[in-house]
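**Student:** Let me begin by handing over the structure; questions about it come next.
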Amino acid sequence: MVRMIPAEKIEKGIFIIRGVKVMLDRDLAGLYGVTTMALNQAVKRNLRRFPRDFMFRLTEGERDEVITICDNLKPMRFSSSLPYAFTENGVAMLSSVLRSPRSIRVNIQIMRTFTRLRRLYSLRGELARGLGELENRIRTHDAAIENIFQAIRQLMAPEEEPRKQIGFRPD
């Protein structure tokens, strides 16, 4: 029986590279309980299942950037090969390449995590739009309240009536 992997552990393995959420081969291999070499060999035997939008190899610059972000990836700095990054679709395709019961269960957990993150990003966008609308309403309310205060001040200010002249006025 495979115990559940905490969603936080999976989330820590998801990076945004080239504007896409991906997981690295090293992290996936650890979750699936296989070596990185075994995972990559299984992928290479089924390369037609992994087009560029499912999987790509990181550049040296991208690898170095990921290593600086995540301390547990420092050993990758000394690796002779660049890691593969798997998109959400690539991770889903891995379930057809790695056929162990563990890989199926782990894959389901990873897919659920990707889905949950997508919902969170969507919710964050909705919240930002709602906040923008609220700010606009407040600005219009502020202007209306300022107009009310000006009207009240005018009503409170004593009207200056012309003074009656006392005394003799020559015509």
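Residues are referred to by chain and number: the chain letter is A, B, ... according to the order shown in the structure tokens, the number counts from 1 in that chain, and ligands are numbered separately from 1 in the order shown.
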Which neighbours of segment 46-56 of chain A fall inside 8 Å, counting only C-alpha atoms, when residues of the same chain fewer than 5 positions from it are skipped, and could you give them as a list in words?
**Tutor:** Tyr84, Ala85, Phe86, Thr87, Glu88, Asn89, Gly90, Val91, Met93 and Val97 of chain A
**Student:** May I have a table of the residues of segment 85-133 of chain A lying at most 9 Å from segment 6-13 of chain A, giving each one's closest pair of atoms and their distance in Å to one decimal, counting only C-alpha atoms, ordered by chain and ascending residue number, as CSV?
**Tutor:**
residue,atom,partner,partner_atom,distance
A:Gln109,CA,A:Ala7,CA,7.7
A:Ile110,CA,A:Ile10,CA,6.6
A:Arg112,CA,A:Ala7,CA,8.8
A:Thr113,CA,A:Ala7,CA,6.4
A:Phe114,CA,A:Glu11,CA,8.2
A:Leu117,CA,A:Glu11,CA,8.3
**Student:** Those same residues, written as a short mmCIF file (atom, residue, chain, number, x, y, z; two decimals), in the first residue's frame with C-alpha atoms?
**Tutor:**
data_model
loop_
_atom_site.label_atom_id
_atom_site.label_comp_id
_atom_site.auth_asym_id
_atom_site.auth_seq_id
_atom_site.Cartn_x
_atom_site.Cartn_y
_atom_site.Cartn_z
CA GLN A 109 -2.28 12.66 -6.55
CA ILE A 110 -0.10 14.81 -8.81
CA ARG A 112 -5.24 16.47 -8.37
CA THR A 113 -2.58 18.87 -7.13
CA PHE A 114 -2.22 20.46 -10.58
CA LEU A 117 -3.39 24.87 -8.19
#
**Student:** Using only C-alpha atoms, which residue out of A:Arg45, A:Glu60, A:Asn72, A:Phe168 lies closest to Asp27 of chain A?
**Tutor:**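 Looking only at the distances to Asp27 of chain A, the closest residue turns out to be A:Asn72.
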**Student:** Report the residues of segment 46-160 of chain A whose backbone DSSP state falls under strand (DSSP E), written as a VMD selection string.
**Tutor:** chain A and resid 55 to 57 84 to 87
**Student:** Can you spit out the residues from that selection as a PDB file, in the first residue's frame, using C-alpha atoms?
**Tutor:**
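Final output, saved to out_23.pdb:
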ATOM      1  CA  MET A  55       8.193  17.522 -21.964  1.00  0.00           C
ATOM      2  CA  PHE A  56      11.327  19.565 -22.673  1.00  0.00           C
ATOM      3  CA  ARG A  57      14.928  19.653 -21.536  1.00  0.00           C
ATOM      4  CA  TYR A  84      13.734  17.108 -18.243  1.00  0.00           C
ATOM      5  CA  ALA A  85      10.693  19.161 -17.301  1.00  0.00           C
ATOM      6  CA  PHE A  86       7.255  17.574 -17.634  1.00  0.00           C
ATOM      7  CA  THR A  87       4.140  19.687 -18.112  1.00  0.00           C
TER       8      THR A  87
END
**Student:** Taking only C-alpha atoms into account, which of A:Val106, A:Cys70, A:Val43, A:Ile145 comes nearest Ile5 of chain A?
**Tutor:**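 So, comparing all the options, the nearest one is A:Val106.
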**Student:** Using only C-alpha atoms, find the one residue out of A:Ala128, A:Leu31, A:Leu58, A:Ala157 that sits nearest to Leu82 of chain A.
**Tutor:** A:Leu58
**Student:** Given only C-alpha atoms as the basis, pick out the residue of A:Val66, A:Leu98, A:Leu131, A:Ala38 nearest to Leu24 of chain A.
**Tutor:**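 Of the candidates, the smallest distance to Leu24 of chain A is held by A:Val66.
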**Student:** Looking only at helix (DSSP H, G or I) from DSSP on the backbone, list the matching residues of segment 9-166 of chain A as JSON, numbers by chain.
**Tutor:** {"A": [9, 10, 11, 12, 25, 26, 27, 28, 29, 30, 31, 32, 36, 37, 38, 39, 40, 41, 42, 43, 44, 45, 47, 48, 49, 60, 61, 62, 63, 64, 65, 66, 67, 68, 69, 71, 72, 73, 74, 75, 76, 77, 78, 88, 89, 90, 91, 92, 93, 94, 95, 96, 97, 101, 102, 103, 104, 105, 106, 107, 108, 109, 110, 111, 112, 113, 114, 115, 116, 117, 118, 119, 120, 121, 122, 123, 124, 125, 126, 127, 128, 129, 130, 131, 132, 133, 134, 135, 136, 137, 138, 139, 140, 141, 142, 143, 144, 145, 146, 147, 148, 149, 150, 151, 152, 153, 154, 155, 156]}
**Student:** Can you work out the spacing between atom CA of Ser79 of chain A and atom CA of Ala42 of chain A in Å, to one decimal?
**Tutor:**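 Pair atom CA of Ser79 of chain A / atom CA of Ala42 of chain A returns 19.6 Å.
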**Student:** Quick check, in Å to one decimal: how far apart do atom CA of Glu126 of chain A and atom CA of Ala143 of chain A lie?
**Tutor:** 26.2 Å
**Student:** Find the spatial neighbours of Gly61 of chain A, counting only C-alpha atoms, within a cut-off of 12 Å - ignore same-chain residues fewer than 5 positions away - and output them as number ranges by chain.
**Tutor:** A: 17-18, 66-68, 77, 82-83
